[in-house]
file data-v7.pdb (PDB, C-alpha atoms and all ligand atoms)
ATOM      1  CA  MET A   5      69.899 125.687  74.344
ATOM      2  CA  SER A   6      71.777 122.692  75.593
ATOM      3  CA  GLY A   7      74.937 120.859  74.612
ATOM      4  CA  GLN A   8      73.058 118.102  72.793
ATOM      5  CA  ASP A   9      70.332 120.150  71.094
ATOM      6  CA  PHE A  10      71.050 118.570  67.741
ATOM      7  CA  ALA A  11      71.468 114.950  68.832
ATOM      8  CA  GLY A  12      70.706 112.727  65.847
ATOM      9  CA  SER A  13      70.072 115.729  63.578
ATOM     10  CA  VAL A  14      70.941 116.064  59.923
ATOM     11  CA  ILE A  15      72.147 119.558  59.080
ATOM     12  CA  VAL A  16      72.742 121.172  55.684
ATOM     13  CA  VAL A  17      74.885 124.311  55.504
ATOM     14  CA  THR A  18      75.409 126.075  52.187
ATOM     15  CA  GLY A  19      78.569 128.138  51.826
ATOM     16  CA  ALA A  20      80.347 126.299  54.616
ATOM     17  CA  SER A  21      83.934 126.327  53.323
ATOM     18  CA  THR A  22      84.836 129.377  55.412
ATOM     19  CA  GLY A  23      83.405 132.099  57.627
ATOM     20  CA  LEU A  24      79.917 131.921  59.106
ATOM     21  CA  GLY A  25      78.955 128.696  57.320
ATOM     22  CA  ARG A  26      81.968 126.899  58.749
ATOM     23  CA  ALA A  27      81.168 128.220  62.253
ATOM     24  CA  ILE A  28      77.543 127.014  61.963
ATOM     25  CA  ALA A  29      78.700 123.590  60.773
ATOM     26  CA  ILE A  30      81.065 123.207  63.734
ATOM     27  CA  GLU A  31      78.543 124.571  66.252
ATOM     28  CA  THR A  32      75.834 122.109  65.203
ATOM     29  CA  ALA A  33      78.333 119.228  65.130
ATOM     30  CA  GLY A  34      79.457 120.141  68.646
ATOM     31  CA  ARG A  35      75.842 120.103  69.798
ATOM     32  CA  GLY A  36      75.376 116.501  68.785
ATOM     33  CA  ALA A  37      74.412 116.544  65.090
ATOM     34  CA  GLN A  38      74.625 113.161  63.428
ATOM     35  CA  ALA A  39      75.736 114.539  60.064
ATOM     36  CA  VAL A  40      76.566 117.900  58.547
ATOM     37  CA  ILE A  41      76.326 118.404  54.789
ATOM     38  CA  ILE A  42      78.988 120.989  53.926
ATOM     39  CA  ASN A  43      78.370 122.803  50.658
ATOM     40  CA  TYR A  44      80.874 125.072  48.897
ATOM     41  CA  ALA A  45      81.360 126.526  45.414
ATOM     42  CA  ASN A  46      85.125 126.634  44.792
ATOM     43  CA  SER A  47      87.203 126.485  47.976
ATOM     44  CA  ALA A  48      87.883 122.743  48.191
ATOM     45  CA  ALA A  49      90.846 122.936  50.608
ATOM     46  CA  GLU A  50      88.918 125.199  52.990
ATOM     47  CA  ALA A  51      85.852 122.935  52.778
ATOM     48  CA  ASP A  52      88.084 119.944  53.618
ATOM     49  CA  GLU A  53      89.243 121.847  56.700
ATOM     50  CA  THR A  54      85.609 122.489  57.716
ATOM     51  CA  ALA A  55      84.948 118.757  57.315
ATOM     52  CA  ARG A  56      87.942 117.916  59.490
ATOM     53  CA  MET A  57      86.656 120.275  62.206
ATOM     54  CA  VAL A  58      83.117 118.886  61.979
ATOM     55  CA  ILE A  59      84.407 115.323  62.403
ATOM     56  CA  GLU A  60      86.557 116.468  65.329
ATOM     57  CA  ALA A  61      83.404 117.967  66.884
ATOM     58  CA  GLY A  62      81.707 114.570  66.629
ATOM     59  CA  ALA A  63      79.550 114.504  63.472
ATOM     60  CA  GLU A  64      79.770 112.824  60.099
ATOM     61  CA  ALA A  65      80.836 115.325  57.423
ATOM     62  CA  VAL A  66      79.578 115.152  53.838
ATOM     63  CA  LEU A  67      81.184 117.521  51.331
ATOM     64  CA  VAL A  68      79.234 118.769  48.318
ATOM     65  CA  LYS A  69      80.695 121.091  45.698
ATOM     66  CA  ALA A  70      77.731 122.781  44.013
ATOM     67  CA  ASP A  71      76.503 126.201  42.895
ATOM     68  CA  VAL A  72      73.354 127.160  44.812
ATOM     69  CA  GLY A  73      72.568 129.522  41.962
ATOM     70  CA  GLN A  74      71.666 126.502  39.825
ATOM     71  CA  ASP A  75      68.622 124.327  40.429
ATOM     72  CA  GLU A  76      70.695 121.204  39.679
ATOM     73  CA  GLY A  77      73.298 122.321  42.215
ATOM     74  CA  CYS A  78      70.634 122.665  44.918
ATOM     75  CA  LYS A  79      69.257 119.204  44.116
ATOM     76  CA  THR A  80      72.770 117.742  44.312
ATOM     77  CA  ILE A  81      73.247 119.215  47.804
ATOM     78  CA  VAL A  82      69.932 117.811  49.016
ATOM     79  CA  GLU A  83      70.626 114.387  47.457
ATOM     80  CA  ALA A  84      73.656 114.146  49.742
ATOM     81  CA  ALA A  85      71.241 114.205  52.687
ATOM     82  CA  ALA A  86      68.750 111.717  51.194
ATOM     83  CA  ARG A  87      70.381 108.610  52.657
ATOM     84  CA  PHE A  88      69.705 109.981  56.164
ATOM     85  CA  GLY A  89      65.973 110.148  55.366
ATOM     86  CA  LYS A  90      65.435 113.684  56.689
ATOM     87  CA  ILE A  91      66.893 117.166  57.063
ATOM     88  CA  ASP A  92      66.388 118.760  60.475
ATOM     89  CA  ALA A  93      67.906 122.124  59.596
ATOM     90  CA  LEU A  94      68.882 123.888  56.398
ATOM     91  CA  PHE A  95      71.141 126.923  56.744
ATOM     92  CA  ASN A  96      70.922 128.993  53.555
ATOM     93  CA  ASN A  97      74.190 130.777  54.167
ATOM     94  CA  ALA A  98      75.967 130.906  50.795
ATOM     95  CA  GLY A  99      76.193 134.447  49.523
ATOM     96  CA  ILE A 100      78.106 136.674  47.156
ATOM     97  CA  THR A 101      78.499 140.377  46.568
ATOM     98  CA  LYS A 102      79.891 142.851  44.126
ATOM     99  CA  PHE A 103      81.964 145.416  45.986
ATOM    100  CA  ALA A 104      80.705 148.824  44.867
ATOM    101  CA  PRO A 105      80.593 150.705  48.177
ATOM    102  CA  ASP A 106      79.884 154.134  46.645
ATOM    103  CA  HIS A 107      76.137 153.636  46.253
ATOM    104  CA  SER A 108      75.833 156.929  44.358
ATOM    105  CA  ASP A 109      77.918 155.507  41.488
ATOM    106  CA  LEU A 110      75.084 153.806  39.648
ATOM    107  CA  ASP A 111      77.413 152.727  36.828
ATOM    108  CA  ALA A 112      79.547 150.681  39.222
ATOM    109  CA  VAL A 113      77.087 147.798  38.980
ATOM    110  CA  SER A 114      75.779 146.158  35.831
ATOM    111  CA  MET A 115      72.542 144.366  35.145
ATOM    112  CA  ASP A 116      74.530 141.114  35.191
ATOM    113  CA  ASP A 117      75.861 141.965  38.675
ATOM    114  CA  PHE A 118      72.299 142.455  39.880
ATOM    115  CA  LEU A 119      71.067 139.240  38.313
ATOM    116  CA  ARG A 120      73.973 137.101  39.566
ATOM    117  CA  LEU A 121      73.595 138.428  43.133
ATOM    118  CA  TYR A 122      69.869 137.678  43.092
ATOM    119  CA  GLN A 123      70.538 134.281  41.509
ATOM    120  CA  VAL A 124      72.760 133.178  44.402
ATOM    121  CA  ASN A 125      71.485 135.202  47.376
ATOM    122  CA  VAL A 126      67.739 134.991  46.765
ATOM    123  CA  VAL A 127      66.828 132.430  44.112
ATOM    124  CA  GLY A 128      69.495 130.063  45.461
ATOM    125  CA  ALA A 129      67.864 130.083  48.894
ATOM    126  CA  PHE A 130      64.450 129.520  47.322
ATOM    127  CA  MET A 131      65.670 126.608  45.202
ATOM    128  CA  MET A 132      67.403 125.046  48.218
ATOM    129  CA  ILE A 133      64.174 125.188  50.234
ATOM    130  CA  ARG A 134      62.186 123.755  47.329
ATOM    131  CA  ALA A 135      64.666 120.902  46.860
ATOM    132  CA  ALA A 136      64.833 120.176  50.602
ATOM    133  CA  ARG A 137      61.119 120.563  51.390
ATOM    134  CA  SER A 138      60.137 116.895  51.590
ATOM    135  CA  LEU A 139      63.193 115.976  53.677
ATOM    136  CA  LEU A 140      62.591 118.975  55.969
ATOM    137  CA  GLU A 141      59.065 117.634  56.498
ATOM    138  CA  ALA A 142      60.235 114.072  57.092
ATOM    139  CA  GLY A 143      61.615 114.366  60.633
ATOM    140  CA  PRO A 144      59.690 113.997  63.882
ATOM    141  CA  ARG A 145      59.800 117.768  64.569
ATOM    142  CA  ALA A 146      59.200 120.704  62.219
ATOM    143  CA  GLY A 147      62.191 121.212  59.942
ATOM    144  CA  SER A 148      64.017 124.508  60.266
ATOM    145  CA  VAL A 149      65.348 126.863  57.614
ATOM    146  CA  VAL A 150      67.698 129.645  58.684
ATOM    147  CA  ASN A 151      68.549 132.215  56.042
ATOM    148  CA  THR A 152      71.677 134.341  56.384
ATOM    149  CA  SER A 153      70.454 137.799  55.517
ATOM    150  CA  SER A 154      72.292 140.971  56.554
ATOM    151  CA  ILE A 155      71.970 144.281  58.311
ATOM    152  CA  ALA A 156      72.092 145.546  54.717
ATOM    153  CA  ALA A 157      68.537 144.230  54.343
ATOM    154  CA  VAL A 158      67.136 146.626  56.917
ATOM    155  CA  THR A 159      69.456 149.628  56.578
ATOM    156  CA  GLY A 160      70.420 149.658  52.887
ATOM    157  CA  ILE A 161      74.104 149.985  53.845
ATOM    158  CA  GLY A 162      76.605 147.409  52.625
ATOM    159  CA  SER A 163      78.972 146.433  49.882
ATOM    160  CA  SER A 164      76.682 147.500  47.031
ATOM    161  CA  VAL A 165      73.105 148.418  46.130
ATOM    162  CA  PRO A 166      72.345 145.005  44.562
ATOM    163  CA  TYR A 167      73.742 143.258  47.636
ATOM    164  CA  ALA A 168      71.539 145.230  50.055
ATOM    165  CA  ALA A 169      68.519 144.760  47.778
ATOM    166  CA  SER A 170      69.140 141.018  47.483
ATOM    167  CA  LYS A 171      69.300 140.645  51.266
ATOM    168  CA  GLY A 172      66.099 142.677  51.591
ATOM    169  CA  ALA A 173      64.455 140.245  49.197
ATOM    170  CA  LEU A 174      65.791 137.284  51.170
ATOM    171  CA  THR A 175      64.339 138.737  54.376
ATOM    172  CA  THR A 176      60.941 139.238  52.734
ATOM    173  CA  MET A 177      61.048 135.724  51.295
ATOM    174  CA  THR A 178      61.671 134.480  54.841
ATOM    175  CA  LEU A 179      58.284 135.918  55.836
ATOM    176  CA  SER A 180      56.443 134.539  52.801
ATOM    177  CA  LEU A 181      57.825 131.033  53.201
ATOM    178  CA  ALA A 182      57.417 130.977  56.985
ATOM    179  CA  ARG A 183      53.707 131.484  56.397
ATOM    180  CA  ALA A 184      53.469 129.157  53.412
ATOM    181  CA  LEU A 185      55.423 126.209  54.819
ATOM    182  CA  ALA A 186      54.014 126.196  58.365
ATOM    183  CA  PRO A 187      53.361 124.116  60.361
ATOM    184  CA  LYS A 188      55.814 121.553  59.049
ATOM    185  CA  ILE A 189      58.742 123.907  58.428
ATOM    186  CA  ARG A 190      59.887 126.988  60.341
ATOM    187  CA  VAL A 191      61.723 129.714  58.414
ATOM    188  CA  ASN A 192      63.773 132.445  60.089
ATOM    189  CA  ALA A 193      66.667 134.743  59.247
ATOM    190  CA  VAL A 194      69.692 136.255  60.924
ATOM    191  CA  CYS A 195      70.920 139.686  59.905
ATOM    192  CA  PRO A 196      74.579 139.998  60.844
ATOM    193  CA  GLY A 197      76.431 143.289  60.850
ATOM    194  CA  PHE A 198      80.166 143.180  60.170
ATOM    195  CA  ILE A 199      81.616 139.671  60.473
ATOM    196  CA  ASP A 200      85.361 139.169  60.372
ATOM    197  CA  THR A 201      85.544 136.491  57.655
ATOM    198  CA  PRO A 202      87.363 135.970  54.341
ATOM    199  CA  TRP A 203      84.386 137.725  52.693
ATOM    200  CA  PHE A 204      86.131 141.084  52.514
ATOM    201  CA  GLU A 205      89.381 139.631  51.117
ATOM    202  CA  LYS A 206      87.436 138.990  47.904
ATOM    203  CA  GLY A 207      87.271 142.668  46.995
ATOM    204  CA  ILE A 208      88.709 144.998  49.621
ATOM    205  CA  PRO A 209      92.418 145.725  50.259
ATOM    206  CA  ALA A 210      93.732 144.220  53.524
ATOM    207  CA  GLN A 211      94.531 147.674  54.932
ATOM    208  CA  THR A 212      90.953 148.830  54.397
ATOM    209  CA  VAL A 213      89.599 145.676  56.027
ATOM    210  CA  GLU A 214      91.806 146.327  59.049
ATOM    211  CA  ARG A 215      90.503 149.892  59.219
ATOM    212  CA  MET A 216      86.918 148.584  59.075
ATOM    213  CA  ARG A 217      87.659 146.042  61.804
ATOM    214  CA  GLN A 218      89.032 148.740  64.086
ATOM    215  CA  GLY A 219      86.278 151.207  63.181
ATOM    216  CA  VAL A 220      83.539 148.688  63.929
ATOM    217  CA  ALA A 221      85.168 147.674  67.220
ATOM    218  CA  ALA A 222      85.395 151.319  68.253
ATOM    219  CA  SER A 223      81.917 152.402  67.181
ATOM    220  CA  THR A 224      79.489 149.559  67.931
ATOM    221  CA  PRO A 225      77.674 149.718  71.271
ATOM    222  CA  LEU A 226      79.174 146.336  72.243
ATOM    223  CA  LYS A 227      82.650 147.544  71.167
ATOM    224  CA  ALA A 228      83.291 144.463  69.095
ATOM    225  CA  ALA A 229      84.049 143.389  65.543
ATOM    226  CA  SER A 230      82.043 140.165  65.451
ATOM    227  CA  THR A 231      83.696 136.879  64.555
ATOM    228  CA  ALA A 232      81.836 134.102  62.743
ATOM    229  CA  GLU A 233      81.541 132.284  66.072
ATOM    230  CA  ASP A 234      79.828 135.342  67.600
ATOM    231  CA  ILE A 235      77.090 135.086  64.966
ATOM    232  CA  ALA A 236      76.793 131.289  64.639
ATOM    233  CA  GLY A 237      75.142 130.841  68.042
ATOM    234  CA  ALA A 238      72.235 133.107  67.048
ATOM    235  CA  ALA A 239      71.755 131.289  63.742
ATOM    236  CA  VAL A 240      71.865 127.915  65.453
ATOM    237  CA  PHE A 241      69.364 129.113  68.076
ATOM    238  CA  PHE A 242      66.684 129.359  65.370
ATOM    239  CA  ALA A 243      67.192 125.700  64.488
ATOM    240  CA  SER A 244      67.245 124.548  68.112
ATOM    241  CA  PRO A 245      64.320 123.217  70.172
ATOM    242  CA  ALA A 246      64.424 126.482  72.161
ATOM    243  CA  ALA A 247      63.051 128.245  69.054
ATOM    244  CA  ARG A 248      60.376 125.629  68.301
ATOM    245  CA  HIS A 249      57.631 128.273  68.385
ATOM    246  CA  VAL A 250      59.587 130.870  66.387
ATOM    247  CA  THR A 251      58.920 131.316  62.684
ATOM    248  CA  GLY A 252      59.015 134.277  60.282
ATOM    249  CA  GLU A 253      61.421 136.068  62.599
ATOM    250  CA  THR A 254      64.445 138.182  61.720
ATOM    251  CA  LEU A 255      67.184 138.672  64.272
ATOM    252  CA  LEU A 256      69.770 141.442  64.019
ATOM    253  CA  VAL A 257      73.094 140.090  65.246
ATOM    254  CA  ASP A 258      75.362 143.079  64.871
ATOM    255  CA  ALA A 259      76.839 144.000  68.252
ATOM    256  CA  GLY A 260      74.324 146.860  68.270
ATOM    257  CA  THR A 261      75.429 148.471  64.990
ATOM    258  CA  HIS A 262      71.813 149.281  64.088
ATOM    259  CA  LEU A 263      71.566 151.431  67.227
ATOM    260  CA  GLY A 264      74.309 153.683  65.925
ATOM    261  CA  MET A 265      72.433 156.968  66.007
ATOM    262  CA  ALA A 266      75.134 158.944  67.783
ATOM    263  CA  SER A 267      73.966 162.266  66.365
ATOM    264  CA  LEU A 268      70.623 161.924  68.185
ATOM    265  CA  SER A 269      72.223 160.994  71.490
ATOM    266  CA  MET A 270      71.318 163.540  74.215
ATOM    267  CA  ARG A 271      74.494 163.129  76.247
TER     268      ARG A 271
HETATM  269  P1  LIG B   1      82.764 133.824  53.252
HETATM  270  O1  LIG B   1      83.711 133.307  54.279
HETATM  271  O2  LIG B   1      83.326 134.440  52.017
HETATM  272  O3  LIG B   1      81.747 132.652  52.882
HETATM  273  C1  LIG B   1      80.942 132.668  51.753
HETATM  274  C2  LIG B   1      80.558 131.237  51.465
HETATM  275  O4  LIG B   1      79.593 131.203  50.405
HETATM  276  C3  LIG B   1      81.740 130.398  51.007
HETATM  277  O5  LIG B   1      81.655 129.126  51.588
HETATM  278  C4  LIG B   1      81.515 130.306  49.498
HETATM  279  O6  LIG B   1      82.058 129.116  48.910
HETATM  280  C5  LIG B   1      80.000 130.236  49.463
HETATM  281  N1  LIG B   1      79.452 130.515  48.158
HETATM  282  C6  LIG B   1      79.537 131.641  47.413
HETATM  283  N2  LIG B   1      78.864 131.504  46.263
HETATM  284  C7  LIG B   1      78.333 130.258  46.275
HETATM  285  C8  LIG B   1      77.536 129.526  45.373
HETATM  286  N3  LIG B   1      77.140 130.053  44.210
HETATM  287  N4  LIG B   1      77.180 128.252  45.700
HETATM  288  C9  LIG B   1      77.569 127.713  46.879
HETATM  289  N5  LIG B   1      78.331 128.361  47.782
HETATM  290  C10 LIG B   1      78.706 129.620  47.477
HETATM  291  O7  LIG B   1      81.845 134.972  53.866
HETATM  292  P2  LIG B   1      80.880 135.036  55.150
HETATM  293  O8  LIG B   1      81.075 136.379  55.728
HETATM  294  O9  LIG B   1      81.040 133.842  56.016
HETATM  295  O10 LIG B   1      79.465 135.026  54.416
HETATM  296  C11 LIG B   1      78.456 134.085  54.731
HETATM  297  C12 LIG B   1      77.107 134.774  54.619
HETATM  298  O11 LIG B   1      77.052 135.843  55.558
HETATM  299  C13 LIG B   1      76.802 135.393  53.244
HETATM  300  O12 LIG B   1      75.462 135.110  52.891
HETATM  301  C14 LIG B   1      76.961 136.883  53.476
HETATM  302  O13 LIG B   1      76.138 137.654  52.615
HETATM  303  C15 LIG B   1      76.506 136.987  54.920
HETATM  304  N6  LIG B   1      76.956 138.181  55.644
HETATM  305  C16 LIG B   1      78.293 138.439  55.790
HETATM  306  C17 LIG B   1      78.682 139.584  56.496
HETATM  307  C18 LIG B   1      80.149 139.928  56.716
HETATM  308  O14 LIG B   1      80.421 141.048  57.216
HETATM  309  N7  LIG B   1      81.101 139.051  56.421
HETATM  310  C19 LIG B   1      77.720 140.438  57.024
HETATM  311  C20 LIG B   1      76.369 140.135  56.850
HETATM  312  C21 LIG B   1      76.002 139.001  56.168
HETATM  313  P3  LIG B   1      83.509 129.179  48.182
HETATM  314  O15 LIG B   1      84.476 129.630  49.225
HETATM  315  O16 LIG B   1      83.733 127.775  47.762
HETATM  316  O17 LIG B   1      83.357 130.155  47.063
END
call {"tool": "encode", "arguments": {"input": "data-v7.pdb", "output": "structure tokens", "more": "lines below"}}
Ligand code: NAP
result
Amino acid sequence: MSGQDFAGSVIVVTGASTGLGRAIAIETAGRGAQAVIINYANSAAEADETARMVIEAGAEAVLVKADVGQDEGCKTIVEAAARFGKIDALFNNAGITKFAPDHSDLDAVSMDDFLRLYQVNVVGAFMMIRAARSLLEAGPRAGSVVNTSSIAAVTGIGSSVPYAASKGALTTMTLSLARALAPKIRVNAVCPGFIDTPWFEKGIPAQTVERMRQGVAASTPLKAASTAEDIAGAAVFFASPAARHVTGETLLVDAGTHLGMASLSMR
């Protein structure tokens, strides 16, 4: 990858008010993007701050408040890119969870929890791709979709059963659409482990988050609690020219968390 990988590119990032989405927006802007469409659901002040940072990094910032769980919301986000005539990369990063970490407590999640998580995490990504398809196909190179999945998709661990299941579905959809939309669009996914973002503040006490942070830093092979910036580079790689022959791929970006099989270690 080089410093100007995204020169002249139009980038759409859903869920870019904070956390990983913000880091992706800034990373692509810093690598020469012409414009970054910054979607968010509620956090207007935080989205404004992302826009300020994107402009500082050298790109035009376009803010769009919209729910990716609604077809109209997805169309509104894509319409913001229409005046540029193309979308080079779509980062389907918006996500939600219901914190129900005791997976054995089946009553901790309702049918509505399941449906809402799928609506945003899976159907939202699908509707974004559908809305963006013609603009993703309009550029000189294959358009790129990068879905933010999770280590939950491949291990079943995570904030709740519906969350892990929704990310599993998103990973599978990545494969289906990579096949279906080739050769004009590439579709890949990153599966982060723990990322130190405002995500956990939405349902976990600060003390517990701090314990997680320290636990992850102590137990991962790379001895690190990943920041959003640690993950953004891997997501952006998929959209870069260096990954031009990569599609239908899933990349674990978890500081080695998935290797954590200490009980089988022979030393
Ligand atoms: P975050 O800082 O809480 O960001 C979540 C983003 O999603 C926010 O910008 C939020 O917007 C947006 N969002 C939520 N619902 C939306 C909707 N219906 N429509 C549009 N935007 C919506 O958390 P994060 O950690 O960066 O999460 C980003 C992605 O990484 C998610 O897909 C998450 O599942 C995934 N992930 C996170 C971790 C982790 O440990 N943090 C690990 C693996 C995967 P508002 O702020 O406006 O609500």
call {"tool": "residues_around", "arguments": {"input": "data-v7.pdb", "residues": "A:Ala86", "least_positions_apart": "2", "cutoff": "12 Å", "atoms": "only C-alpha atoms", "output": "VMD selection string"}}
result
chain A and resid 14 to 16 39 41 66 79 to 84 88 to 92 135 to 140 142
call {"tool": "atom_distance", "arguments": {"input": "data-v7.pdb", "atom1": "atom CA of A:Gly162", "atom2": "atom CA of A:Asp71"}}
result
23.3 Å
call {"tool": "closest_residue", "arguments": {"input": "data-v7.pdb", "among": "A:Phe118, A:Phe241, A:Tyr44, A:Tyr167", "to": "ligand LIG 1 (chain B)", "atoms": "only C-alpha atoms and all ligand atoms"}}
result
A:Tyr44
call {"tool": "axis_aligned_box", "arguments": {"input": "data-v7.pdb", "around": "stretch 75-82 of chain A", "padding_each_side": "6 Å", "output": "lines of an AutoDock Vina configuration file"}}
result
center_x = 71.0
center_y = 121.0
center_z = 44.3
size_x = 16.7
size_y = 18.6
size_z = 21.3
call {"tool": "resolve_selection", "arguments": {"input": "data-v7.pdb", "expression": "the PyMOL selection byres (((not hetatm)) within 7 of (chain B and resi 1))", "output": "number ranges by chain"}}
result
A: 18-25, 43-48, 70-73, 97-100, 124-125, 152-155, 195-204, 232
call {"tool": "closest_residue", "arguments": {"input": "data-v7.pdb", "among": "A:Val17, A:Ala93, A:Gln38, A:Phe103", "to": "A:Val68", "atoms": "only C-alpha atoms"}}
result
A:Val17
call {"tool": "resolve_selection", "arguments": {"input": "data-v7.pdb", "expression": "the PyMOL selection byres (((chain A and resi 238) around 10) and not hetatm)", "output": "list in words"}}
result
Ile28, Ala193, Val194, Cys195, Pro196, Glu233, Asp234, Ile235, Ala236, Gly237, Ala239, Val240, Phe241, Phe242, Ala243, Ser244, Leu255, Leu256 and Val257 of chain A
call {"tool": "closest_residue", "arguments": {"input": "data-v7.pdb", "among": "A:Lys188, A:Lys227, A:Lys102, A:Arg120", "to": "A:Gly143", "atoms": "all atoms listed in the file"}}
result
A:Lys188
call {"tool": "resolve_selection", "arguments": {"input": "data-v7.pdb", "expression": "the PyMOL selection byres (((chain A and resi 166) around 12) and not hetatm)", "output": "VMD selection string"}}
result
chain A and resid 100 to 105 107 110 112 to 126 156 to 157 160 to 165 167 to 173
call {"tool": "atom_distance", "arguments": {"input": "data-v7.pdb", "atom1": "atom CA of A:Arg134", "atom2": "atom CA of A:Ala146"}}
result
15.5 Å
call {"tool": "atom_distance", "arguments": {"input": "data-v7.pdb", "atom1": "atom CA of A:Ala11", "atom2": "atom CA of A:Met57"}}
result
17.4 Å
call {"tool": "closest_residue", "arguments": {"input": "data-v7.pdb", "among": "A:Ile133, A:Ala49, A:Ala85, A:Ala37", "to": "A:Ile189", "atoms": "all atoms listed in the file"}}
result
A:Ile133
call {"tool": "residues_around", "arguments": {"input": "data-v7.pdb", "residues": "A:Val220", "least_positions_apart": "3", "cutoff": "10 Å", "atoms": "all atoms listed in the file", "output": "list in words"}}
result
Gly197, Phe198, Ile199, Glu214, Arg215, Met216, Arg217, Ser223, Thr224, Pro225, Leu226, Lys227, Ala228, Ala229, Ser230, Asp258, Ala259 and Thr261 of chain A
call {"tool": "closest_residue", "arguments": {"input": "data-v7.pdb", "among": "A:Leu174, A:Ala222, A:Ile59, A:Val158", "to": "A:Gly36", "atoms": "only C-alpha atoms"}}
result
A:Ile59
call {"tool": "closest_residue", "arguments": {"input": "data-v7.pdb", "among": "A:Thr254, A:Gln218, A:Gln74, A:Gln8", "to": "A:Val127", "atoms": "all atoms listed in the file"}}
result
A:Gln74
call {"tool": "residues_near_point", "arguments": {"input": "data-v7.pdb", "point": "(57.8, 135.7, 51.8)", "cutoff": "12 Å", "atoms": "all atoms listed in the file", "output": "list in words"}}
result
Val126, Ala129, Phe130, Gly172, Ala173, Leu174, Thr175, Thr176, Met177, Thr178, Leu179, Ser180, Leu181, Ala182, Arg183, Ala184, Leu185, Val191, Asn192, Ala193, Thr251, Gly252 and Glu253 of chain A
call {"tool": "write_last_selection", "arguments": {"input": "data-v7.pdb", "atoms": "C-alpha atoms", "output": "PDB file, keeping the file's coordinate frame"}}
result
ATOM      1  CA  VAL A 126      67.739 134.991  46.765  1.00  0.00           C
ATOM      2  CA  ALA A 129      67.864 130.083  48.894  1.00  0.00           C
ATOM      3  CA  PHE A 130      64.450 129.520  47.322  1.00  0.00           C
ATOM      4  CA  GLY A 172      66.099 142.677  51.591  1.00  0.00           C
ATOM      5  CA  ALA A 173      64.455 140.245  49.197  1.00  0.00           C
ATOM      6  CA  LEU A 174      65.791 137.284  51.170  1.00  0.00           C
ATOM      7  CA  THR A 175      64.339 138.737  54.376  1.00  0.00           C
ATOM      8  CA  THR A 176      60.941 139.238  52.734  1.00  0.00           C
ATOM      9  CA  MET A 177      61.048 135.724  51.295  1.00  0.00           C
ATOM     10  CA  THR A 178      61.671 134.480  54.841  1.00  0.00           C
ATOM     11  CA  LEU A 179      58.284 135.918  55.836  1.00  0.00           C
ATOM     12  CA  SER A 180      56.443 134.539  52.801  1.00  0.00           C
ATOM     13  CA  LEU A 181      57.825 131.033  53.201  1.00  0.00           C
ATOM     14  CA  ALA A 182      57.417 130.977  56.985  1.00  0.00           C
ATOM     15  CA  ARG A 183      53.707 131.484  56.397  1.00  0.00           C
ATOM     16  CA  ALA A 184      53.469 129.157  53.412  1.00  0.00           C
ATOM     17  CA  LEU A 185      55.423 126.209  54.819  1.00  0.00           C
ATOM     18  CA  VAL A 191      61.723 129.714  58.414  1.00  0.00           C
ATOM     19  CA  ASN A 192      63.773 132.445  60.089  1.00  0.00           C
ATOM     20  CA  ALA A 193      66.667 134.743  59.247  1.00  0.00           C
ATOM     21  CA  THR A 251      58.920 131.316  62.684  1.00  0.00           C
ATOM     22  CA  GLY A 252      59.015 134.277  60.282  1.00  0.00           C
ATOM     23  CA  GLU A 253      61.421 136.068  62.599  1.00  0.00           C
TER      24      GLU A 253
END
